[in-house]
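K.L.:
File follows, input-v9.txt with compact mmCIF, C-alpha atoms:
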# COMPACT_ATOMS: atom_id res chain seq x y z
CA MET A 29 1.26 -7.82 16.37
CA GLU A 30 2.90 -6.47 19.52
CA LYS A 31 0.63 -4.35 21.72
CA LEU A 32 3.14 -1.49 21.85
CA LEU A 33 4.66 -0.63 18.48
CA THR A 34 7.43 1.74 17.48
CA ILE A 35 6.43 3.29 14.17
CA TYR A 36 7.89 5.94 11.85
CA HIS A 37 6.33 8.55 9.59
CA GLY A 38 8.45 9.87 6.71
CA SER A 39 7.76 13.53 5.97
CA LYS A 40 9.27 16.78 4.75
CA GLN A 41 8.52 18.19 8.18
CA ILE A 42 8.59 17.28 11.85
CA VAL A 43 5.15 16.07 12.98
CA GLU A 44 4.86 16.13 16.75
CA GLU A 45 1.07 15.90 16.89
CA PRO A 46 -0.57 13.82 14.12
CA THR A 47 -4.08 15.17 13.56
CA PHE A 48 -7.16 13.07 12.88
CA GLY A 49 -8.92 14.02 9.65
CA GLU A 50 -5.91 15.59 7.92
CA GLY A 51 -4.06 14.24 4.89
CA LYS A 52 -4.92 13.09 1.39
CA LYS A 53 -8.07 11.05 0.85
CA ASN A 54 -6.61 9.47 -2.32
CA ASN A 55 -3.87 7.53 -0.52
CA ASP A 56 -3.78 3.72 -0.68
CA PHE A 57 -6.23 3.10 2.16
CA GLY A 58 -7.97 6.47 2.19
CA LEU A 59 -7.60 9.22 4.75
CA GLY A 60 -5.25 8.36 7.59
CA PHE A 61 -1.78 8.75 9.09
CA TYR A 62 0.66 6.56 7.14
CA CYS A 63 3.58 4.99 9.00
CA THR A 64 5.92 2.01 8.90
CA GLU A 65 7.85 -0.07 11.42
CA SER A 66 11.01 0.53 9.34
CA ASN A 67 12.98 3.69 10.12
CA GLU A 68 15.01 3.26 6.92
CA LEU A 69 11.92 2.95 4.74
CA ALA A 70 10.35 6.03 6.37
CA LYS A 71 13.50 7.96 5.45
CA GLU A 72 13.16 6.89 1.82
CA TRP A 73 9.56 8.09 1.79
CA ALA A 74 10.60 11.41 3.36
CA VAL A 75 13.14 12.69 0.83
CA SER A 76 13.03 14.20 -2.63
CA SER A 77 15.88 14.85 -5.05
CA LEU A 78 16.06 18.42 -3.73
CA THR A 79 15.44 18.29 0.01
CA ASP A 80 16.22 16.28 3.11
CA GLY A 81 13.32 14.89 5.09
CA PHE A 82 12.50 13.59 8.55
CA SER A 83 11.65 10.23 10.03
CA ASN A 84 9.26 10.98 12.90
CA ARG A 85 9.22 8.28 15.59
CA TYR A 86 6.19 7.33 17.69
CA THR A 87 4.99 4.63 20.01
CA LEU A 88 1.50 3.28 19.37
CA ASP A 89 -0.54 1.33 21.90
CA THR A 90 -2.60 -1.13 19.81
CA GLU A 91 -4.53 -2.66 22.70
CA TYR A 92 -8.28 -2.47 22.09
CA LEU A 93 -7.77 -1.32 18.48
CA LYS A 94 -9.72 -3.02 15.70
CA ILE A 95 -7.02 -3.99 13.21
CA LEU A 96 -7.28 -5.00 9.54
CA ASN A 97 -4.20 -6.89 8.31
CA LEU A 98 -4.44 -7.14 4.52
CA ASN A 99 -1.34 -9.35 4.47
CA SER A 100 -2.94 -12.10 6.55
CA PRO A 101 -3.83 -15.37 4.75
CA GLU A 102 -7.57 -14.72 4.98
CA TYR A 103 -7.24 -11.99 2.34
CA THR A 104 -6.18 -12.23 -1.29
CA ILE A 105 -4.20 -9.86 -3.44
CA LEU A 106 -7.53 -8.77 -4.96
CA ASN A 107 -8.74 -7.53 -1.56
CA TRP A 108 -5.67 -5.32 -1.48
CA ILE A 109 -6.11 -4.03 -5.02
CA ALA A 110 -9.85 -3.49 -4.48
CA VAL A 111 -9.01 -1.15 -1.60
CA LEU A 112 -6.50 0.64 -3.84
CA VAL A 113 -8.89 1.17 -6.75
CA GLU A 114 -11.54 2.52 -4.41
CA HIS A 115 -9.25 5.19 -2.98
CA ARG A 116 -6.45 5.98 -5.41
CA LEU A 117 -6.86 7.67 -8.79
CA PHE A 118 -6.37 5.19 -11.63
CA SER A 119 -6.03 5.79 -15.35
CA ILE A 120 -9.20 4.17 -16.74
CA LYS A 121 -8.31 3.57 -20.39
CA THR A 122 -10.97 1.12 -21.51
CA PRO A 123 -14.58 0.08 -20.83
CA VAL A 124 -13.12 -3.14 -19.38
CA ALA A 125 -11.21 -1.10 -16.79
CA ARG A 126 -14.35 0.79 -15.77
CA ARG A 127 -16.23 -2.45 -15.25
CA ALA A 128 -13.20 -4.01 -13.55
CA LYS A 129 -12.98 -1.23 -10.96
CA GLN A 130 -16.59 -1.73 -9.94
CA TYR A 131 -16.32 -5.53 -9.99
CA LEU A 132 -13.32 -5.45 -7.67
CA ILE A 133 -15.01 -3.07 -5.25
CA ASP A 134 -18.25 -5.07 -5.25
CA ASN A 135 -16.66 -8.51 -4.86
CA PHE A 136 -13.35 -7.90 -3.06
CA GLY A 137 -13.77 -4.52 -1.39
CA ILE A 138 -13.37 -3.96 2.36
CA ASN A 139 -14.78 -1.07 4.37
CA VAL A 140 -11.48 0.22 5.74
CA ASN A 141 -13.26 2.95 7.71
CA ALA A 142 -14.67 0.27 10.01
CA TYR A 143 -11.18 -0.25 11.45
CA ASP A 144 -8.91 1.73 13.77
CA LEU A 145 -5.69 0.51 12.18
CA ILE A 146 -4.73 -1.06 8.84
CA THR A 147 -1.56 -2.88 7.84
CA GLY A 148 -0.70 -3.79 4.27
CA TYR A 149 1.78 -3.18 1.49
CA ARG A 150 2.36 0.34 0.21
CA ALA A 151 1.91 0.85 -3.52
CA ASP A 152 4.92 3.03 -4.33
CA ASP A 153 4.28 4.99 -7.52
CA SER A 154 6.40 2.65 -9.62
CA TYR A 155 4.57 -0.42 -8.37
CA PHE A 156 1.28 1.37 -8.86
CA ASP A 157 1.93 0.81 -12.60
CA PHE A 158 1.40 -2.92 -12.02
CA ALA A 159 -1.96 -2.38 -10.37
CA GLU A 160 -3.01 -0.04 -13.18
CA ALA A 161 -1.90 -2.55 -15.83
CA PHE A 162 -3.93 -5.29 -14.15
CA LEU A 163 -7.02 -3.09 -14.04
CA ASN A 164 -6.62 -2.36 -17.76
CA ASN A 165 -6.33 -6.10 -18.60
CA GLY A 166 -2.62 -5.82 -19.39
CA ILE A 167 -1.20 -8.38 -16.93
CA THR A 168 -2.58 -11.39 -15.08
CA VAL A 169 -3.34 -11.66 -11.40
CA GLU A 170 -0.42 -14.10 -11.09
CA GLN A 171 1.96 -11.56 -12.63
CA LEU A 172 0.59 -8.85 -10.36
CA SER A 173 1.11 -11.05 -7.31
CA ARG A 174 4.67 -11.94 -8.32
CA ALA A 175 5.56 -8.28 -8.86
CA MET A 176 4.26 -7.37 -5.43
CA GLN A 177 6.14 -10.24 -3.77
CA LEU A 178 9.42 -9.33 -5.46
CA GLY A 179 8.99 -5.63 -5.01
CA LYS A 180 10.13 -5.32 -1.38
CA LEU A 181 7.50 -2.64 -0.98
CA GLY A 182 7.51 -2.53 2.77
CA GLU A 183 4.50 -2.82 5.01
CA GLN A 184 2.71 0.35 6.02
CA ILE A 185 0.65 0.94 9.12
CA VAL A 186 -2.23 3.36 8.68
CA ILE A 187 -3.91 4.99 11.66
CA LYS A 188 -7.54 5.56 10.72
CA SER A 189 -9.79 6.36 13.67
CA ARG A 190 -9.91 9.16 16.22
CA PHE A 191 -9.49 6.51 18.92
CA ALA A 192 -6.30 5.19 17.30
CA PHE A 193 -4.91 8.74 17.03
CA SER A 194 -5.36 9.06 20.78
CA LYS A 195 -2.96 6.13 21.23
CA ILE A 196 0.02 7.77 19.49
CA LYS A 197 2.92 9.22 21.47
CA TYR A 198 5.62 11.29 19.74
CA GLU A 199 9.16 10.17 20.61
CA GLY A 200 11.43 12.29 18.39
CA PHE A 201 12.84 12.41 14.87
CA GLU A 202 15.89 11.70 12.73
CA THR A 203 16.98 13.59 9.62
CA ALA A 204 16.85 11.70 6.32
CA GLU A 205 19.69 12.91 4.09
CA LYS A 206 18.64 13.25 0.45
CA GLU A 207 22.08 12.21 -0.82
CA LYS A 208 21.66 8.75 0.71
CA TYR A 209 17.96 8.08 0.82
CA TYR A 210 16.93 9.52 -2.52
CA THR A 211 19.50 7.23 -4.13
CA LEU A 212 17.94 4.24 -2.35
CA ARG A 213 14.44 5.39 -3.31
CA LYS A 214 15.45 5.84 -6.96
CA ALA A 215 17.08 2.40 -7.04
CA ARG A 216 13.79 0.89 -5.82
CA ASP A 217 11.91 2.76 -8.57
CA ASP A 218 14.42 1.71 -11.23
CA ASP A 219 14.11 -1.94 -10.21
CA ALA A 220 10.32 -1.68 -10.40
CA ASN A 221 10.42 -0.08 -13.83
CA GLN A 222 12.72 -2.80 -15.17
CA MET A 223 10.54 -5.54 -13.69
CA TYR A 224 7.47 -3.89 -15.21
CA MET A 225 9.00 -3.90 -18.68
CA ASN A 226 10.09 -7.53 -18.28
CA ILE A 227 6.62 -8.64 -17.20
CA LEU A 228 4.96 -6.83 -20.10
CA GLU A 229 7.16 -8.87 -22.46
CA GLU A 230 6.02 -12.16 -20.94
CA GLU A 231 3.24 -14.30 -22.28
CA SER A 232 0.87 -15.55 -19.62
CA ASP A 233 -2.05 -17.98 -19.67
CA GLY A 234 -3.14 -16.91 -16.20
CA LEU A 235 -6.22 -14.98 -15.13
CA TYR A 236 -6.71 -11.50 -16.53
CA ILE A 237 -9.29 -9.20 -14.97
CA GLN A 238 -11.63 -9.85 -17.89
CA ASP A 239 -11.43 -13.61 -17.17
CA ILE A 240 -12.18 -12.95 -13.51
CA MET A 241 -15.26 -10.90 -14.38
CA ARG A 242 -16.53 -13.32 -17.04
CA GLY A 243 -16.09 -16.27 -14.70
CA GLY A 244 -17.78 -14.54 -11.78
CA ILE A 245 -14.68 -15.34 -9.71
CA THR A 246 -14.82 -14.36 -6.06
CA ASN A 247 -12.49 -14.37 -3.05
CA ASP A 248 -12.77 -18.09 -2.29
CA ASP A 249 -11.39 -19.18 -5.69
CA PRO A 250 -8.12 -21.10 -5.11
CA ARG A 251 -6.56 -19.59 -8.25
CA ILE A 252 -6.40 -16.16 -6.63
CA PRO A 253 -3.10 -15.64 -4.72
CA ARG A 254 -4.07 -15.41 -1.09
CA ASN A 255 -1.32 -13.53 0.61
CA ILE A 256 1.03 -11.10 -1.10
CA SER A 257 3.54 -11.30 1.74
CA GLU A 258 4.23 -14.99 1.18
What does this structure look like when you write it as C-alpha cells?
P.N.:
Amino acid sequence: MEKLLTIYHGSKQIVEEPTFGEGKKNNDFGLGFYCTESNELAKEWAVSSLTDGFSNRYTLDTEYLKILNLNSPEYTILNWIAVLVEHRLFSIKTPVARRAKQYLIDNFGINVNAYDLITGYRADDSYFDFAEAFLNNGITVEQLSRAMQLGKLGEQIVIKSRFAFSKIKYEGFETAEKEKYYTLRKARDDDANQMYMNILEEESDGLYIQDIMRGGITNDDPRIPRNISE
C-alpha cells in the first residue's frame, strides 16, 4: 500500500470533516469511516433511485498506521465472513446458523478495533445474500468464495481509530448523477441476484458450514479458500 492514498467516500452529502465515533456500528467492519480508492465505485454507493449523491475525495497518510488487509493471503474467506457476522445483522433461521455464527467468531474472528485501518471487500446488500446463505448451511464455502471473486465488489478502506482520522485531509467532491450511477448500481445488484439463483440450483459436494463445525476445521485447513481477491 502506498503511504499517501487518495480515497473517496460516497454519500448523500458533502463530508468535509469525517468525525471519529460517528456512523453505523452494524456496517461490515463495525464503526468507522468507509471509503474506496475508486471514485466511480464511491459514486455508485452515493446514489439512490431518487437523489444524486456526492463522491468526497480525501488524501490519507498511512505512515505509522496499523493496517489489517483482509485480502492478503494470510487470511481466508472465513476470516472475512467472521468479521461480517460479528458486526452485521444476519437472518438466523436455524439452530445451525446460531451455532455457526459463534463458531466463525471463535475460530476465524479478528479484533478489528485493534487496527487503525482495514481493507477488504464490501458486502453489497445483494452479495450479503451469499454470506447469509452460507451461514444458514445453504451453500458451500467454495460457492461463497466463487461468488465473491466473480462479484466485482470493490475493495473498501475503513478508517477505524482516532489516530487514523487525524491523517485525513479533505480535497473536494464530485457530484454523482443518479441517472448514470443508479443504473450501474442496479446492474451490479441484478448480476448478483442472477448469480445467487444460479448457485442455489447447483449441487455441491464441498464444505458446508455444518461440515466445518463437525470437523473442527480451522484457518490452517487447505480446503478453505485463502484469499478472496485471487
K.L.:
Pull the neighbourhood of (2.9, -7.1, -11.9) for me: all residues within 7 Å in file coordinates, counting all atoms listed in the file, as a list in words.
P.N.:
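Returned residue set, sorted by chain then number, is Phe158, Ala159, Ile167, Gln171, Leu172, Ser173, Arg174, Ala175, Met176, Tyr224 and Ile227 of chain A.
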K.L.:
Pick from A:Lys188, A:Arg251, A:Arg150, A:Lys52: nearest to Thr168 of chain A, with all atoms listed in the file counted?
P.N.:
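Closest residue, counting all atoms listed in the file: A:Arg251.
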K.L.:
Considering all atoms listed in the file, can you say which of A:Ile252, A:Leu69, A:Leu93, A:Gly243 comes closest to Arg216 of chain A?
P.N.:
A:Leu69
K.L.:
Find the residues with any atom within 12 Å of (-9.7, 3.2, 5.3); use only C-alpha atoms and the coordinates as given in the file, and write the answer as a ChimeraX atom specification.
P.N.:
/A:49,52-62,95-98,108,110-112,114-116,137-148,185-189
K.L.:
Of the candidates A:Gln184, A:Gln130, A:Ser83, A:Thr64, which one gets nearest to Met241 of chain A if we count only C-alpha atoms?
P.N.:
A:Gln130
K.L.:
How far is it from atom CA of Asp152 of chain A to atom CA of Ile237 of chain A, in Å with one decimal?
P.N.:
21.6 Å
K.L.:
For Thr211 of chain A, which of A:Ala192, A:Val75, A:Ile245, A:Val169 is the closest residue, counting all atoms listed in the file?
P.N.:
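Among the listed residues, the smallest separation from Thr211 of chain A belongs to A:Val75.
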K.L.:
Between atom CA of Asn84 of chain A and atom CA of Glu202 of chain A, what is the distance in Å, rounded to a tenth?
P.N.:
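If I compute the distance from atom CA of Asn84 of chain A to atom CA of Glu202 of chain A, I get 6.7 Å.
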K.L.:
What does the distance from atom CA of Lys121 of chain A to atom CA of Leu235 of chain A come to in Å, to one decimal?
P.N.:
19.4 Å
K.L.:
Give me the residues near Phe136 of chain A as a PyMOL selection string, where near means some atom within 8 Å (using only C-alpha atoms) and where sequence neighbours in that chain fewer than 4 positions away do not count.
P.N.:
chain A and resi 106-107+110+131-132+246-247
K.L.:
Check the smallest atom-to-atom distance from each of A:Gln41, A:Met223, A:Arg254, A:Val124 to Arg242 of chain A using all atoms listed in the file, then report the winner.
P.N.:
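Residue with the minimum atom-to-atom distance to Arg242 of chain A: A:Val124.
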K.L.:
Which residues, written as a list in words, have at least one atom at most 10 Å from Glu199 of chain A, with only C-alpha atoms counted and residues fewer than 3 positions away on the same chain left out?
P.N.:
Thr34, Ile35, Tyr36, Glu44, Asn84, Arg85, Tyr86, Thr87 and Ile196 of chain A
K.L.:
Since the input is missing atoms, can you rebuild N, CA, C and O atoms for segment 76-101 of chain A and write them as a compact mmCIF listing (two decimals), in the frame of the given file?
P.N.:
# COMPACT_ATOMS: atom_id res chain seq x y z
N SER A 76 13.16 13.97 -1.19
CA SER A 76 13.03 14.20 -2.63
C SER A 76 14.44 14.41 -3.17
O SER A 76 15.41 14.39 -2.42
N SER A 77 14.55 14.63 -4.47
CA SER A 77 15.88 14.85 -5.05
C SER A 77 16.47 16.19 -4.60
O SER A 77 17.68 16.42 -4.73
N LEU A 78 15.62 17.07 -4.06
CA LEU A 78 16.06 18.42 -3.73
C LEU A 78 16.21 18.68 -2.24
O LEU A 78 16.98 19.55 -1.84
N THR A 79 15.46 17.95 -1.42
CA THR A 79 15.44 18.29 0.01
C THR A 79 15.61 17.07 0.89
O THR A 79 15.19 15.96 0.54
N ASP A 80 16.20 17.29 2.06
CA ASP A 80 16.22 16.28 3.11
C ASP A 80 14.81 16.13 3.67
O ASP A 80 13.91 16.92 3.38
N GLY A 81 14.61 15.09 4.45
CA GLY A 81 13.32 14.89 5.09
C GLY A 81 13.52 14.47 6.54
O GLY A 81 14.64 14.56 7.08
N PHE A 82 12.45 13.99 7.14
CA PHE A 82 12.50 13.59 8.55
C PHE A 82 11.77 12.28 8.74
O PHE A 82 10.71 12.05 8.15
N SER A 83 12.33 11.43 9.57
CA SER A 83 11.65 10.23 10.03
C SER A 83 11.17 10.50 11.45
O SER A 83 11.97 10.58 12.38
N ASN A 84 9.87 10.72 11.59
CA ASN A 84 9.26 10.98 12.90
C ASN A 84 8.98 9.66 13.59
O ASN A 84 8.40 8.75 12.98
N ARG A 85 9.37 9.53 14.85
CA ARG A 85 9.22 8.28 15.59
C ARG A 85 8.10 8.41 16.64
O ARG A 85 8.00 9.43 17.33
N TYR A 86 7.31 7.35 16.74
CA TYR A 86 6.19 7.33 17.69
C TYR A 86 6.11 5.95 18.33
O TYR A 86 6.59 4.96 17.78
N THR A 87 5.48 5.90 19.49
CA THR A 87 4.99 4.63 20.01
C THR A 87 3.47 4.62 19.86
O THR A 87 2.82 5.66 19.99
N LEU A 88 2.94 3.44 19.58
CA LEU A 88 1.50 3.28 19.37
C LEU A 88 1.02 2.11 20.20
O LEU A 88 1.50 0.98 20.06
N ASP A 89 0.08 2.37 21.07
CA ASP A 89 -0.54 1.33 21.90
C ASP A 89 -1.72 0.75 21.10
O ASP A 89 -2.72 1.42 20.88
N THR A 90 -1.58 -0.51 20.67
CA THR A 90 -2.60 -1.13 19.81
C THR A 90 -3.66 -1.90 20.60
O THR A 90 -4.58 -2.46 20.00
N GLU A 91 -3.54 -1.94 21.92
CA GLU A 91 -4.53 -2.66 22.70
C GLU A 91 -5.91 -2.02 22.51
O GLU A 91 -6.04 -0.81 22.54
N TYR A 92 -6.89 -2.87 22.29
CA TYR A 92 -8.28 -2.47 22.09
C TYR A 92 -8.55 -1.88 20.70
O TYR A 92 -9.68 -1.46 20.42
N LEU A 93 -7.54 -1.83 19.82
CA LEU A 93 -7.77 -1.32 18.48
C LEU A 93 -8.30 -2.44 17.58
O LEU A 93 -7.87 -3.59 17.66
N LYS A 94 -9.22 -2.09 16.71
CA LYS A 94 -9.72 -3.02 15.70
C LYS A 94 -8.81 -2.91 14.48
O LYS A 94 -8.73 -1.87 13.84
N ILE A 95 -8.10 -4.02 14.19
CA ILE A 95 -7.02 -3.99 13.21
C ILE A 95 -7.37 -4.85 11.98
O ILE A 95 -7.80 -5.99 12.11
N LEU A 96 -7.15 -4.28 10.81
CA LEU A 96 -7.28 -5.00 9.54
C LEU A 96 -5.89 -5.25 9.00
O LEU A 96 -5.15 -4.30 8.70
N ASN A 97 -5.50 -6.52 8.88
CA ASN A 97 -4.20 -6.89 8.31
C ASN A 97 -4.42 -7.48 6.93
O ASN A 97 -4.77 -8.66 6.79
N LEU A 98 -4.20 -6.69 5.90
CA LEU A 98 -4.44 -7.14 4.52
C LEU A 98 -3.41 -8.16 4.05
O LEU A 98 -3.59 -8.77 3.00
N ASN A 99 -2.35 -8.35 4.83
CA ASN A 99 -1.34 -9.35 4.47
C ASN A 99 -1.57 -10.69 5.16
O ASN A 99 -0.75 -11.60 5.03
N SER A 100 -2.65 -10.82 5.90
CA SER A 100 -2.94 -12.10 6.55
C SER A 100 -3.53 -13.07 5.53
O SER A 100 -4.11 -12.65 4.51
N PRO A 101 -3.40 -14.38 5.75
CA PRO A 101 -3.83 -15.37 4.75
C PRO A 101 -5.33 -15.35 4.45
O PRO A 101 -5.74 -15.93 3.44
